[in-house]
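Novice: Just so it is clear, I am handing over structure.cif, which has mmCIF, C-alpha atoms (C1' of nucleotides) and all ligand atoms.
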```cif
data_protein
#
loop_
_atom_site.label_atom_id
_atom_site.label_comp_id
_atom_site.auth_asym_id
_atom_site.auth_seq_id
_atom_site.Cartn_x
_atom_site.Cartn_y
_atom_site.Cartn_z
CA MET A 49 43.26 20.34 106.71
CA ASP A 50 39.70 19.31 107.44
CA ARG A 51 39.40 15.89 109.03
CA TYR A 52 36.76 14.74 106.55
CA VAL A 53 38.65 15.99 103.51
CA GLU A 54 41.53 13.88 104.71
CA LEU A 55 39.34 10.79 105.16
CA LEU A 56 38.03 11.04 101.60
CA ARG A 57 41.46 11.74 100.08
CA LYS A 58 42.94 8.72 101.83
CA LYS A 59 40.33 6.53 100.20
CA GLY A 60 40.82 8.04 96.77
CA LEU A 61 37.36 9.59 96.70
CA LYS A 62 36.88 13.01 95.17
CA VAL A 63 36.09 15.66 97.73
CA THR A 64 32.64 17.09 97.15
CA PRO A 65 30.44 19.23 99.41
CA GLN A 66 27.81 16.49 99.50
CA ARG A 67 30.22 13.80 100.66
CA LEU A 68 31.69 16.13 103.26
CA GLU A 69 28.31 17.11 104.63
CA ILE A 70 27.10 13.54 104.91
CA LEU A 71 30.31 12.37 106.55
CA ARG A 72 30.25 15.23 109.04
CA TYR A 73 26.56 14.67 109.71
CA LEU A 74 27.10 10.99 110.50
CA ASP A 75 30.09 11.72 112.70
CA LYS A 76 28.26 14.39 114.69
CA ASN A 77 24.93 12.56 114.87
CA ARG A 78 25.49 9.04 116.10
CA ILE A 79 21.81 8.20 115.93
CA HIS A 80 21.96 5.51 113.24
CA PRO A 81 19.77 7.45 110.83
CA ASN A 82 18.12 5.92 107.81
CA ILE A 83 18.40 7.40 104.32
CA GLU A 84 15.24 9.45 104.67
CA ARG A 85 16.45 10.98 107.92
CA ILE A 86 19.83 11.93 106.49
CA TYR A 87 18.16 13.41 103.45
CA SER A 88 15.57 15.47 105.29
CA ASP A 89 18.03 16.73 107.89
CA LEU A 90 20.60 17.84 105.33
CA LYS A 91 18.07 19.20 102.86
CA LYS A 92 17.39 22.05 105.29
CA GLY A 93 20.86 23.54 104.91
CA HIS A 94 21.35 22.41 101.32
CA PRO A 95 18.04 22.60 99.45
CA SER A 96 19.38 21.35 96.14
CA LEU A 97 20.44 18.03 97.65
CA SER A 98 18.98 15.08 95.83
CA LYS A 99 17.95 11.85 97.47
CA THR A 100 19.76 9.99 94.72
CA THR A 101 22.93 11.66 95.93
CA VAL A 102 22.34 10.45 99.46
CA TYR A 103 21.98 6.91 98.15
CA ASN A 104 25.10 7.29 96.00
CA VAL A 105 27.22 8.81 98.73
CA ILE A 106 26.17 6.26 101.34
CA ASP A 107 27.08 3.57 98.86
CA ASP A 108 30.49 5.12 98.13
CA LEU A 109 31.30 5.71 101.78
CA SER A 110 30.33 2.23 102.85
CA ARG A 111 32.37 0.71 100.06
CA ALA A 112 35.30 2.85 101.20
CA ASP A 113 34.72 1.58 104.72
CA LEU A 114 34.07 5.06 106.10
CA LEU A 115 30.69 4.02 107.41
CA GLN A 116 28.91 0.82 108.15
CA ILE A 117 25.39 -0.11 107.26
CA LEU A 118 23.48 -1.81 110.05
CA THR A 119 20.97 -4.51 109.24
CA ILE A 120 19.61 -4.83 112.75
CA ASP A 121 16.17 -3.71 111.65
CA ARG A 122 14.44 -5.74 108.99
CA PHE A 123 12.54 -2.71 107.73
CA GLU A 124 15.23 -0.16 107.09
CA ILE A 125 18.87 0.46 106.46
CA LEU A 126 20.63 2.37 109.22
CA CYS A 127 23.91 4.22 108.78
CA ASP A 128 26.71 4.41 111.29
CA PHE A 129 29.90 6.44 111.08
CA LYS A 130 32.76 3.98 111.18
CA ALA A 131 34.52 4.56 114.44
CA GLU A 132 35.77 1.90 116.82
CA PRO A 133 34.04 -1.45 116.39
CA HIS A 134 30.99 -1.68 118.59
CA HIS A 135 27.70 -3.49 118.77
CA HIS A 136 24.04 -2.57 118.98
CA PHE A 137 20.88 -2.96 121.01
CA LEU A 138 17.49 -2.37 119.41
CA CYS A 139 14.64 -1.56 121.78
CA LYS A 140 11.46 -3.11 120.43
CA GLU A 141 9.36 -0.56 122.33
CA CYS A 142 10.89 2.80 121.40
CA HIS A 143 12.86 1.56 118.37
CA LYS A 144 15.99 3.34 119.49
CA VAL A 145 19.29 1.71 118.56
CA TYR A 146 21.87 1.94 121.34
CA ASP A 147 25.62 1.72 120.85
CA LEU A 148 27.23 -0.94 123.00
CA ASP A 149 30.84 -0.31 123.82
CA GLY A 150 33.03 -3.11 124.91
CA ASP A 151 34.32 -5.96 122.88
CA PHE A 152 32.62 -9.26 122.69
CA SER A 153 35.31 -11.75 122.24
CA CYS A 154 33.61 -15.06 122.76
CA HIS A 155 34.42 -18.72 122.46
CA LEU A 156 32.37 -18.97 119.33
CA LEU A 157 34.55 -16.47 117.48
CA GLU A 158 37.78 -18.18 118.50
CA LYS A 159 36.31 -21.53 117.58
CA ILE A 160 35.29 -20.67 114.05
CA ARG A 161 38.60 -18.91 113.41
CA SER A 162 40.41 -22.06 114.43
CA GLU A 163 38.17 -24.00 112.05
CA GLY A 164 39.36 -21.97 109.10
CA PHE A 165 36.74 -19.25 108.79
CA GLN A 166 38.39 -15.93 108.00
CA VAL A 167 36.28 -13.46 109.99
CA ASP A 168 36.38 -9.83 108.82
CA GLU A 169 33.29 -8.47 110.50
CA VAL A 170 31.52 -9.23 113.75
CA HIS A 171 28.06 -7.80 114.19
CA GLY A 172 26.39 -8.23 117.54
CA TYR A 173 22.72 -7.31 117.47
CA PHE A 174 20.80 -7.52 120.73
CA LYS A 175 17.08 -6.91 120.89
CA GLY A 176 14.69 -6.42 123.75
CA THR A 177 13.50 -3.61 125.96
CA CYS A 178 15.72 -0.75 127.04
CA ARG A 179 15.93 0.49 130.59
CA SER A 180 13.70 3.51 130.22
CA CYS A 181 11.04 1.49 128.44
CA SER A 182 10.99 -1.27 131.09
CA LYS A 183 10.64 1.40 133.78
CA GLY A 184 7.70 2.91 131.97
CA LYS A 185 6.01 -0.48 131.81
CA LYS A 186 6.35 -1.19 135.52
CA GLU A 187 4.74 2.13 136.39
CA GLU A 188 1.64 1.36 134.31
CA MET B 245 -0.18 -36.41 115.35
CA ASP B 246 2.04 -34.64 112.88
CA ARG B 247 4.79 -32.64 114.50
CA TYR B 248 3.99 -29.50 112.48
CA VAL B 249 0.28 -29.70 113.15
CA GLU B 250 1.14 -29.72 116.79
CA LEU B 251 3.43 -26.71 116.49
CA LEU B 252 0.70 -24.67 114.80
CA ARG B 253 -2.01 -25.74 117.25
CA LYS B 254 0.12 -24.79 120.22
CA LYS B 255 0.43 -21.30 118.84
CA GLY B 256 -3.24 -20.96 118.11
CA LEU B 257 -2.76 -20.84 114.36
CA LYS B 258 -5.20 -22.58 112.07
CA VAL B 259 -3.72 -25.60 110.38
CA THR B 260 -3.61 -25.13 106.62
CA PRO B 261 -1.73 -27.11 103.97
CA GLN B 262 0.28 -24.01 103.04
CA ARG B 263 1.47 -23.40 106.59
CA LEU B 264 2.34 -27.05 107.04
CA GLU B 265 4.28 -27.21 103.81
CA ILE B 266 6.29 -24.10 104.54
CA LEU B 267 7.07 -25.21 108.09
CA ARG B 268 8.16 -28.63 106.95
CA TYR B 269 10.18 -27.16 104.10
CA LEU B 270 12.07 -24.86 106.46
CA ASP B 271 12.69 -27.63 108.96
CA LYS B 272 14.00 -30.02 106.32
CA ASN B 273 15.96 -27.42 104.36
CA ARG B 274 18.19 -25.46 106.72
CA ILE B 275 19.59 -23.33 103.93
CA HIS B 276 18.24 -19.94 105.02
CA PRO B 277 16.16 -19.47 101.90
CA ASN B 278 14.68 -16.16 100.87
CA ILE B 279 11.03 -15.69 99.96
CA GLU B 280 11.61 -16.30 96.27
CA ARG B 281 13.42 -19.55 96.96
CA ILE B 282 10.70 -20.87 99.25
CA TYR B 283 8.08 -19.90 96.71
CA SER B 284 9.75 -21.45 93.69
CA ASP B 285 10.70 -24.65 95.51
CA LEU B 286 7.21 -25.25 96.87
CA LYS B 287 5.42 -24.14 93.72
CA LYS B 288 6.67 -27.33 92.04
CA GLY B 289 4.61 -29.61 94.26
CA HIS B 290 1.77 -27.15 94.79
CA PRO B 291 1.23 -25.12 91.61
CA SER B 292 -1.60 -23.01 92.97
CA LEU B 293 0.60 -21.57 95.70
CA SER B 294 0.63 -17.80 95.65
CA LYS B 295 3.61 -15.66 96.56
CA THR B 296 1.33 -13.54 98.71
CA THR B 297 0.67 -16.64 100.76
CA VAL B 298 4.37 -17.19 101.28
CA TYR B 299 4.68 -13.62 102.56
CA ASN B 300 1.65 -14.06 104.80
CA VAL B 301 2.70 -17.41 106.21
CA ILE B 302 6.26 -16.28 106.88
CA ASP B 303 4.82 -13.31 108.70
CA ASP B 304 2.48 -15.44 110.80
CA LEU B 305 5.13 -18.01 111.63
CA SER B 306 7.69 -15.43 112.64
CA ARG B 307 5.17 -13.64 114.82
CA ALA B 308 4.38 -16.99 116.44
CA ASP B 309 8.08 -17.51 116.97
CA LEU B 310 8.15 -20.65 114.86
CA LEU B 311 10.82 -19.20 112.62
CA GLN B 312 13.28 -16.38 112.75
CA ILE B 313 14.04 -13.89 110.05
CA LEU B 314 17.72 -13.20 109.55
CA THR B 315 18.88 -9.74 108.58
CA ILE B 316 22.49 -10.69 108.01
CA ASP B 317 22.29 -9.71 104.37
CA ARG B 318 21.35 -6.16 103.54
CA PHE B 319 19.78 -7.21 100.26
CA GLU B 320 17.37 -9.91 101.28
CA ILE B 321 15.38 -11.47 104.05
CA LEU B 322 16.40 -15.00 104.95
CA CYS B 323 14.21 -17.46 106.84
CA ASP B 324 15.36 -19.91 109.45
CA PHE B 325 13.36 -22.63 111.18
CA LYS B 326 13.42 -21.80 114.86
CA ALA B 327 15.39 -24.55 116.50
CA GLU B 328 18.01 -24.07 119.18
CA PRO B 329 19.46 -20.56 119.28
CA HIS B 330 22.47 -20.30 117.03
CA HIS B 331 24.44 -17.72 115.10
CA HIS B 332 25.52 -17.19 111.51
CA PHE B 333 28.48 -16.68 109.24
CA LEU B 334 28.04 -15.10 105.82
CA CYS B 335 30.75 -15.81 103.27
CA LYS B 336 31.26 -12.76 101.11
CA GLU B 337 32.65 -14.91 98.28
CA CYS B 338 30.06 -17.65 97.85
CA HIS B 339 27.24 -15.94 99.77
CA LYS B 340 26.47 -19.06 101.75
CA VAL B 341 25.16 -18.57 105.27
CA TYR B 342 26.59 -21.07 107.75
CA ASP B 343 24.99 -22.05 111.02
CA LEU B 344 27.28 -21.63 113.99
CA ASP B 345 26.52 -23.90 116.86
CA GLY B 346 27.70 -23.05 120.29
CA ASP B 347 26.55 -20.31 122.55
CA PHE B 348 28.22 -17.00 122.70
CA SER B 349 27.91 -15.79 126.20
CA CYS B 350 30.19 -12.80 126.39
CA HIS B 351 31.03 -10.06 128.84
CA LEU B 352 29.11 -7.55 126.80
CA LEU B 353 25.84 -9.44 127.19
CA GLU B 354 26.24 -9.80 130.94
CA LYS B 355 27.20 -6.16 131.22
CA ILE B 356 24.18 -4.72 129.46
CA ARG B 357 21.83 -7.06 131.34
CA SER B 358 23.27 -5.75 134.59
CA GLU B 359 22.71 -2.23 133.32
CA GLY B 360 18.99 -2.83 132.95
CA PHE B 361 18.63 -3.83 129.33
CA GLN B 362 16.15 -6.67 129.00
CA VAL B 363 17.65 -8.80 126.24
CA ASP B 364 15.25 -11.13 124.40
CA GLU B 365 17.25 -11.85 121.27
CA VAL B 366 20.94 -12.18 120.55
CA HIS B 367 21.97 -12.23 116.92
CA GLY B 368 25.60 -12.91 116.14
CA TYR B 369 26.44 -12.22 112.51
CA PHE B 370 29.98 -12.95 111.38
CA LYS B 371 31.15 -12.10 107.87
CA GLY B 372 34.25 -12.98 105.94
CA THR B 373 35.51 -15.85 103.81
CA CYS B 374 34.61 -19.45 104.48
CA ARG B 375 37.13 -22.25 104.50
CA SER B 376 36.43 -23.63 101.05
CA CYS B 377 36.57 -20.15 99.50
CA SER B 378 39.90 -19.28 101.15
CA LYS B 379 41.34 -22.56 99.89
CA GLY B 380 40.19 -21.78 96.40
CA LYS B 381 41.90 -18.40 96.57
CA LYS B 382 45.26 -19.80 97.64
CA GLU B 383 45.30 -22.21 94.73
CA GLU B 384 44.83 -19.47 92.16
"C1'" DT C 149 -24.11 -30.09 109.27
"C1'" DC C 150 -23.75 -25.13 109.63
"C1'" DC C 151 -21.58 -20.83 110.41
"C1'" DA C 152 -18.32 -17.30 111.69
"C1'" DA C 153 -13.74 -16.36 111.57
"C1'" DG C 154 -9.75 -16.74 109.29
"C1'" DT C 155 -6.98 -18.00 105.03
"C1'" DT C 156 -5.65 -18.23 100.18
"C1'" DT C 157 -5.42 -16.35 95.82
"C1'" DA C 158 -5.06 -13.17 91.74
"C1'" DT C 159 -4.82 -8.63 90.88
"C1'" DA C 160 -3.72 -3.94 91.64
"C1'" DA C 161 -1.35 -0.33 94.16
"C1'" DT C 162 2.54 1.31 96.71
"C1'" DG C 163 6.88 3.20 97.49
"C1'" DG C 164 11.81 2.59 98.34
"C1'" DT C 165 15.66 1.97 95.42
"C1'" DT C 166 18.09 2.11 91.04
"C1'" DA C 167 18.97 3.52 86.03
"C1'" DC C 168 19.69 7.08 83.11
"C1'" DA C 169 21.49 11.18 80.81
"C1'" DA C 170 22.49 16.01 80.94
"C1'" DG C 171 24.91 19.41 83.17
"C1'" DA C 172 28.22 20.64 86.93
"C1'" DT C 173 32.36 19.91 89.49
"C1'" DT C 174 36.86 18.05 90.64
"C1'" DA C 175 41.69 16.70 90.05
"C1'" DT C 176 45.54 16.98 87.29
"C1'" DA C 177 48.77 18.48 84.07
"C1'" DA C 178 50.28 21.79 80.80
"C1'" DT D 66 46.07 30.04 85.54
"C1'" DT D 67 43.55 27.27 81.91
"C1'" DA D 68 42.26 23.05 79.61
"C1'" DT D 69 40.79 18.43 79.82
"C1'" DA D 70 39.18 14.03 81.21
"C1'" DA D 71 37.17 11.74 84.75
"C1'" DT D 72 33.92 11.76 88.04
"C1'" DC D 73 29.88 13.50 90.53
"C1'" DT D 74 25.21 15.53 91.22
"C1'" DT D 75 20.64 16.06 90.01
"C1'" DG D 76 15.76 15.35 88.38
"C1'" DT D 77 13.16 12.18 86.08
"C1'" DA D 78 11.66 7.80 84.84
"C1'" DA D 79 11.70 2.87 85.51
"C1'" DC D 80 11.88 -1.07 88.36
"C1'" DC D 81 10.38 -4.53 91.30
"C1'" DA D 82 9.82 -6.46 96.00
"C1'" DT D 83 6.32 -6.00 99.16
"C1'" DT D 84 1.67 -4.84 100.72
"C1'" DA D 85 -3.41 -3.87 100.09
"C1'" DT D 86 -7.69 -5.48 98.45
"C1'" DA D 87 -11.67 -8.28 97.81
"C1'" DA D 88 -13.76 -12.52 96.40
"C1'" DA D 89 -13.72 -17.43 96.95
"C1'" DC D 90 -12.44 -21.02 99.88
"C1'" DT D 91 -11.18 -23.51 104.20
"C1'" DT D 92 -10.97 -24.36 109.01
"C1'" DG D 93 -12.60 -25.26 113.70
"C1'" DG D 94 -16.21 -25.33 116.76
"C1'" DA D 95 -21.19 -25.36 117.90
MN MN E 1 26.63 2.41 116.26
MN MN E 2 20.42 -20.76 110.98
ZN ZN E 3 13.10 1.67 124.67
ZN ZN E 4 32.54 -19.21 100.73
#
```
As structure tokens - that is how I would like this structure written.
Specialist:
Amino acid sequence: MDRYVELLRKKGLKVTPQRLEILRYLDKNRIHPNIERIYSDLKKGHPSLSKTTVYNVIDDLSRADLLQILTIDRFEILCDFKAEPHHHFLCKECHKVYDLDGDFSCHLLEKIRSEGFQVDEVHGYFKGTCRSCSKGKKEE
Amino acid sequence: MDRYVELLRKKGLKVTPQRLEILRYLDKNRIHPNIERIYSDLKKGHPSLSKTTVYNVIDDLSRADLLQILTIDRFEILCDFKAEPHHHFLCKECHKVYDLDGDFSCHLLEKIRSEGFQVDEVHGYFKGTCRSCSKGKKEE
DNA sequence: TCCAAGTTTATAATGGTTACAAGATTATAA
DNA sequence: TTATAATCTTGTAACCATTATAAACTTGGA
């Protein structure tokens, strides 16, 4: 059975072509797209797709914990297929969002847990200039 | 000379009553208010204040690095007087945003710096249930 | 004191997101 | 299968937070 069908079934969500396409798209395109990007990319192969549906599906999937919504960028909502926990780097020059593998267990996290905070999510957002952009600057 | 006057001067911003009031408000009220909250709180003592001005001033101050804008909550922009670097915990029950003192230096940060990322900002956003809300739940 | 540059304000425009309702699809059970 | 209820998709309209505009005002420096 299709991997994505299974994911939806497990979460008790009805299996629809729209949900499958969006899930597959996010899994295959780990580029942290915004709503507009998802919509315009998928519209090509599915012209009847409505933007309302993209909003609805993203909402359903994030509630079902099948994707996470990044808030690293003040100006737009970015979507990320929910794989292993990881963190993000936003380059202020090229606006690319990089995935950062590797856990950041830190003192701070242990400390607040010991103080009674029940931590469910840890979002690490780093911002600055990525390697290729700093190179470009030096050469100027 | 007034501390806030000095802050503005140093950044080359003209000193206006609106900028001073907003700066002072944010310094004295470390509650991570949103635009609406800042506006309605300050409107009381300054009825001619316009919401456009709040937007403009917040924009100026954040560009001048006198405040930071938190993106921990997908649904609103929260403002934070720029004091020592610190991180944040959002309680999903009571929606309070807690300041977390203490640095989180972690392997991940060192690693990406060594890989050539130039990191200017580190935002640690933790989400879950705060102590008083977990207590409340147990007692139910 | 005077002036240019920058700021505040009310108002209007914008545009991303949400509400709605009709029609289509899905899951389930007969 | 077929029937049925629940749920989903879609286009349209409404909403509302944010931004644009332009006139009046304020600031800082000459
Ligand atoms: Mn990611
Ligand atoms: Mn804070
Ligand atoms: Zn870059
Ligand atoms: Zn709480």
Novice: With a cut-off of 12 Å, could you pull out the residues of chain A touching ligand ZN 4 (chain E) and give me the nearest pair of atoms for each, distance in Å to one decimal, using all atoms listed in the file, ordered by chain and ascending number, as CSV?
Specialist:
```
residue,atom,partner,partner_atom,distance
A:Gly164,CA,E:ZN4,ZN,11.1
A:Phe165,CA,E:ZN4,ZN,9.1
A:Gln166,CA,E:ZN4,ZN,9.9
A:Val167,CA,E:ZN4,ZN,11.5
```
Novice: Considering only C-alpha atoms and all ligand atoms, can you say which of A:Leu68, A:Ile120, A:Ile86, A:Val105 comes closest to ligand MN 1 (chain E)?
Specialist: A:Ile120
Novice: Counting only C-alpha atoms, which residues of chain A fall within 7 Å of chain B, and what is the closest atom pair for each with its distance in Å at one decimal, ordered by chain and rising number, as CSV?
Specialist:
```
residue,atom,partner,partner_atom,distance
A:Thr119,CA,B:Thr315,CA,5.7
A:Ile120,CA,B:Thr315,CA,6.5
A:Arg122,CA,B:Thr315,CA,6.0
A:Gly150,CA,B:Leu352,CA,6.2
A:Asp151,CA,B:Leu352,CA,6.7
A:Phe152,CA,B:Cys350,CA,5.7
A:Ser153,CA,B:Cys350,CA,6.7
A:Cys154,CA,B:Cys350,CA,5.5
A:His155,CA,B:Phe348,CA,6.4
A:Leu156,CA,B:Phe348,CA,5.7
A:Gly164,CA,B:Arg375,CA,5.1
A:Phe165,CA,B:Cys374,CA,4.8
A:Gln166,CA,B:Thr373,CA,5.1
A:Val167,CA,B:Gly372,CA,4.6
A:Asp168,CA,B:Gly372,CA,4.8
A:Glu169,CA,B:Lys371,CA,5.0
A:Val170,CA,B:Phe370,CA,4.7
A:His171,CA,B:Tyr369,CA,5.0
A:Gly172,CA,B:Gly368,CA,4.9
A:Tyr173,CA,B:His367,CA,5.0
A:Phe174,CA,B:Val366,CA,4.7
A:Lys175,CA,B:Glu365,CA,5.0
A:Gly176,CA,B:Val363,CA,4.5
A:Thr177,CA,B:Gln362,CA,5.1
A:Cys178,CA,B:Phe361,CA,4.8
A:Arg179,CA,B:Gly360,CA,5.1
```
Novice: Hey, what's within 10 Å of DA169 in chain C if we count all atoms listed in the file and toss same-chain stuff fewer than 2 positions away? As a list in words, please?
Specialist: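 Contacts, in chain order: DA167 and DG171 of chain C; DT77 of chain D.
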Novice: Residues as selected, C-alpha atoms (C1' of nucleotides), written as a compact mmCIF listing (two decimals), keeping the file's coordinate frame, can you do that?
Specialist:
```
# COMPACT_ATOMS: atom_id res chain seq x y z
C1' DA C 167 18.97 3.52 86.03
C1' DG C 171 24.91 19.41 83.17
C1' DT D 77 13.16 12.18 86.08
```
Novice: How would chain A read as a compact mmCIF listing (two decimals) with C-alpha atoms, in the coordinates of the input once least-squares superposed on chain B using all paired C-alpha atoms?
Specialist:
```
# COMPACT_ATOMS: atom_id res chain seq x y z
CA MET A 49 -0.19 -36.41 115.37
CA ASP A 50 2.03 -34.62 112.90
CA ARG A 51 4.79 -32.59 114.51
CA TYR A 52 3.98 -29.48 112.49
CA VAL A 53 0.24 -29.69 113.12
CA GLU A 54 1.10 -29.69 116.79
CA LEU A 55 3.39 -26.66 116.47
CA LEU A 56 0.67 -24.62 114.77
CA ARG A 57 -2.07 -25.72 117.20
CA LYS A 58 0.08 -24.75 120.18
CA LYS A 59 0.38 -21.25 118.79
CA GLY A 60 -3.31 -20.94 118.05
CA LEU A 61 -2.79 -20.83 114.29
CA LYS A 62 -5.23 -22.59 112.01
CA VAL A 63 -3.75 -25.63 110.35
CA THR A 64 -3.62 -25.18 106.60
CA PRO A 65 -1.73 -27.15 103.94
CA GLN A 66 0.26 -24.05 103.02
CA ARG A 67 1.46 -23.40 106.56
CA LEU A 68 2.33 -27.06 107.02
CA GLU A 69 4.29 -27.24 103.79
CA ILE A 70 6.28 -24.11 104.53
CA LEU A 71 7.05 -25.20 108.08
CA ARG A 72 8.14 -28.65 106.94
CA TYR A 73 10.18 -27.15 104.11
CA LEU A 74 12.06 -24.84 106.48
CA ASP A 75 12.67 -27.62 108.98
CA LYS A 76 14.01 -30.01 106.34
CA ASN A 77 15.98 -27.41 104.38
CA ARG A 78 18.17 -25.45 106.74
CA ILE A 79 19.58 -23.33 103.96
CA HIS A 80 18.23 -19.95 105.07
CA PRO A 81 16.16 -19.47 101.93
CA ASN A 82 14.69 -16.17 100.87
CA ILE A 83 11.02 -15.73 99.95
CA GLU A 84 11.62 -16.33 96.27
CA ARG A 85 13.44 -19.58 96.97
CA ILE A 86 10.71 -20.89 99.24
CA TYR A 87 8.09 -19.94 96.70
CA SER A 88 9.78 -21.49 93.68
CA ASP A 89 10.72 -24.68 95.51
CA LEU A 90 7.23 -25.26 96.87
CA LYS A 91 5.44 -24.17 93.71
CA LYS A 92 6.69 -27.35 92.03
CA GLY A 93 4.63 -29.64 94.25
CA HIS A 94 1.79 -27.17 94.78
CA PRO A 95 1.23 -25.16 91.59
CA SER A 96 -1.61 -23.06 92.95
CA LEU A 97 0.58 -21.59 95.68
CA SER A 98 0.62 -17.83 95.63
CA LYS A 99 3.59 -15.70 96.53
CA THR A 100 1.31 -13.57 98.66
CA THR A 101 0.65 -16.67 100.73
CA VAL A 102 4.35 -17.22 101.25
CA TYR A 103 4.67 -13.66 102.51
CA ASN A 104 1.62 -14.08 104.75
CA VAL A 105 2.69 -17.41 106.18
CA ILE A 106 6.25 -16.29 106.85
CA ASP A 107 4.82 -13.29 108.64
CA ASP A 108 2.45 -15.44 110.73
CA LEU A 109 5.10 -17.99 111.60
CA SER A 110 7.66 -15.42 112.60
CA ARG A 111 5.14 -13.62 114.75
CA ALA A 112 4.33 -16.96 116.38
CA ASP A 113 8.04 -17.47 116.94
CA LEU A 114 8.14 -20.64 114.85
CA LEU A 115 10.80 -19.19 112.60
CA GLN A 116 13.25 -16.37 112.72
CA ILE A 117 14.02 -13.88 110.03
CA LEU A 118 17.71 -13.20 109.56
CA THR A 119 18.88 -9.73 108.62
CA ILE A 120 22.49 -10.69 108.04
CA ASP A 121 22.28 -9.74 104.38
CA ARG A 122 21.33 -6.19 103.55
CA PHE A 123 19.75 -7.25 100.27
CA GLU A 124 17.33 -9.95 101.27
CA ILE A 125 15.32 -11.49 104.02
CA LEU A 126 16.39 -15.01 104.95
CA CYS A 127 14.20 -17.48 106.82
CA ASP A 128 15.35 -19.91 109.46
CA PHE A 129 13.33 -22.60 111.19
CA LYS A 130 13.37 -21.79 114.88
CA ALA A 131 15.37 -24.50 116.52
CA GLU A 132 18.00 -24.04 119.20
CA PRO A 133 19.47 -20.55 119.29
CA HIS A 134 22.49 -20.30 117.05
CA HIS A 135 24.44 -17.73 115.12
CA HIS A 136 25.51 -17.18 111.54
CA PHE A 137 28.48 -16.69 109.25
CA LEU A 138 28.02 -15.09 105.84
CA CYS A 139 30.73 -15.82 103.28
CA LYS A 140 31.22 -12.75 101.12
CA GLU A 141 32.61 -14.90 98.30
CA CYS A 142 30.03 -17.66 97.86
CA HIS A 143 27.21 -15.94 99.79
CA LYS A 144 26.45 -19.06 101.76
CA VAL A 145 25.15 -18.56 105.29
CA TYR A 146 26.59 -21.07 107.75
CA ASP A 147 24.98 -22.07 111.03
CA LEU A 148 27.29 -21.63 113.99
CA ASP A 149 26.54 -23.89 116.90
CA GLY A 150 27.79 -23.04 120.30
CA ASP A 151 26.67 -20.29 122.55
CA PHE A 152 28.32 -16.96 122.68
CA SER A 153 27.96 -15.79 126.16
CA CYS A 154 30.23 -12.80 126.38
CA HIS A 155 31.07 -10.08 128.83
CA LEU A 156 29.16 -7.58 126.79
CA LEU A 157 25.89 -9.46 127.22
CA GLU A 158 26.32 -9.82 130.97
CA LYS A 159 27.28 -6.18 131.23
CA ILE A 160 24.26 -4.75 129.49
CA ARG A 161 21.93 -7.06 131.40
CA SER A 162 23.38 -5.76 134.63
CA GLU A 163 22.81 -2.23 133.35
CA GLY A 164 19.10 -2.83 133.02
CA PHE A 165 18.70 -3.83 129.38
CA GLN A 166 16.21 -6.68 129.09
CA VAL A 167 17.71 -8.80 126.30
CA ASP A 168 15.30 -11.12 124.47
CA GLU A 169 17.29 -11.86 121.35
CA VAL A 170 20.97 -12.19 120.60
CA HIS A 171 21.99 -12.23 116.97
CA GLY A 172 25.60 -12.91 116.15
CA TYR A 173 26.44 -12.22 112.53
CA PHE A 174 29.98 -12.93 111.38
CA LYS A 175 31.15 -12.09 107.89
CA GLY A 176 34.24 -12.98 105.95
CA THR A 177 35.49 -15.83 103.82
CA CYS A 178 34.59 -19.44 104.47
CA ARG A 179 37.12 -22.24 104.49
CA SER A 180 36.42 -23.60 101.04
CA CYS A 181 36.54 -20.14 99.51
CA SER A 182 39.88 -19.25 101.15
CA LYS A 183 41.32 -22.53 99.88
CA GLY A 184 40.18 -21.73 96.38
CA LYS A 185 41.89 -18.35 96.56
CA LYS A 186 45.25 -19.74 97.66
CA GLU A 187 45.29 -22.17 94.76
CA GLU A 188 44.84 -19.39 92.20
```
Novice: Once you count all atoms listed in the file, which residues end up within 9 Å of ligand MN 2 (chain E), and could you hand them over as a PDB file with C-alpha atoms, in the frame of the given file?
Specialist:
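Output file pocket_28.pdb is given in full below:
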```pdb
ATOM      1  CA  ARG B 274      18.190 -25.460 106.720  1.00  0.00           C
ATOM      2  CA  ILE B 275      19.590 -23.330 103.930  1.00  0.00           C
ATOM      3  CA  HIS B 276      18.240 -19.940 105.020  1.00  0.00           C
ATOM      4  CA  GLN B 312      13.280 -16.380 112.750  1.00  0.00           C
ATOM      5  CA  LEU B 314      17.720 -13.200 109.550  1.00  0.00           C
ATOM      6  CA  CYS B 323      14.210 -17.460 106.840  1.00  0.00           C
ATOM      7  CA  ASP B 324      15.360 -19.910 109.450  1.00  0.00           C
ATOM      8  CA  PHE B 325      13.360 -22.630 111.180  1.00  0.00           C
ATOM      9  CA  LYS B 326      13.420 -21.800 114.860  1.00  0.00           C
ATOM     10  CA  ALA B 327      15.390 -24.550 116.500  1.00  0.00           C
ATOM     11  CA  PRO B 329      19.460 -20.560 119.280  1.00  0.00           C
ATOM     12  CA  HIS B 330      22.470 -20.300 117.030  1.00  0.00           C
ATOM     13  CA  HIS B 331      24.440 -17.720 115.100  1.00  0.00           C
ATOM     14  CA  HIS B 332      25.520 -17.190 111.510  1.00  0.00           C
ATOM     15  CA  VAL B 341      25.160 -18.570 105.270  1.00  0.00           C
ATOM     16  CA  TYR B 342      26.590 -21.070 107.750  1.00  0.00           C
ATOM     17  CA  ASP B 343      24.990 -22.050 111.020  1.00  0.00           C
ATOM     18  CA  LEU B 344      27.280 -21.630 113.990  1.00  0.00           C
TER      19      LEU B 344
END
```
Novice: Please check the contacts: residues of chain A at most 8 Å away from chain D, using only C-alpha atoms (C1' of nucleotides), listed as a PyMOL selection string.
Specialist: chain A and resi 62+97-98+100-101
Novice: So what do you get for C1' of DT162 in chain C versus CA of Pro277 in chain B, distance-wise?
Specialist: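 So the two atoms, C1' of DT162 in chain C and CA of Pro277 in chain B, lie 25.4 Å apart.
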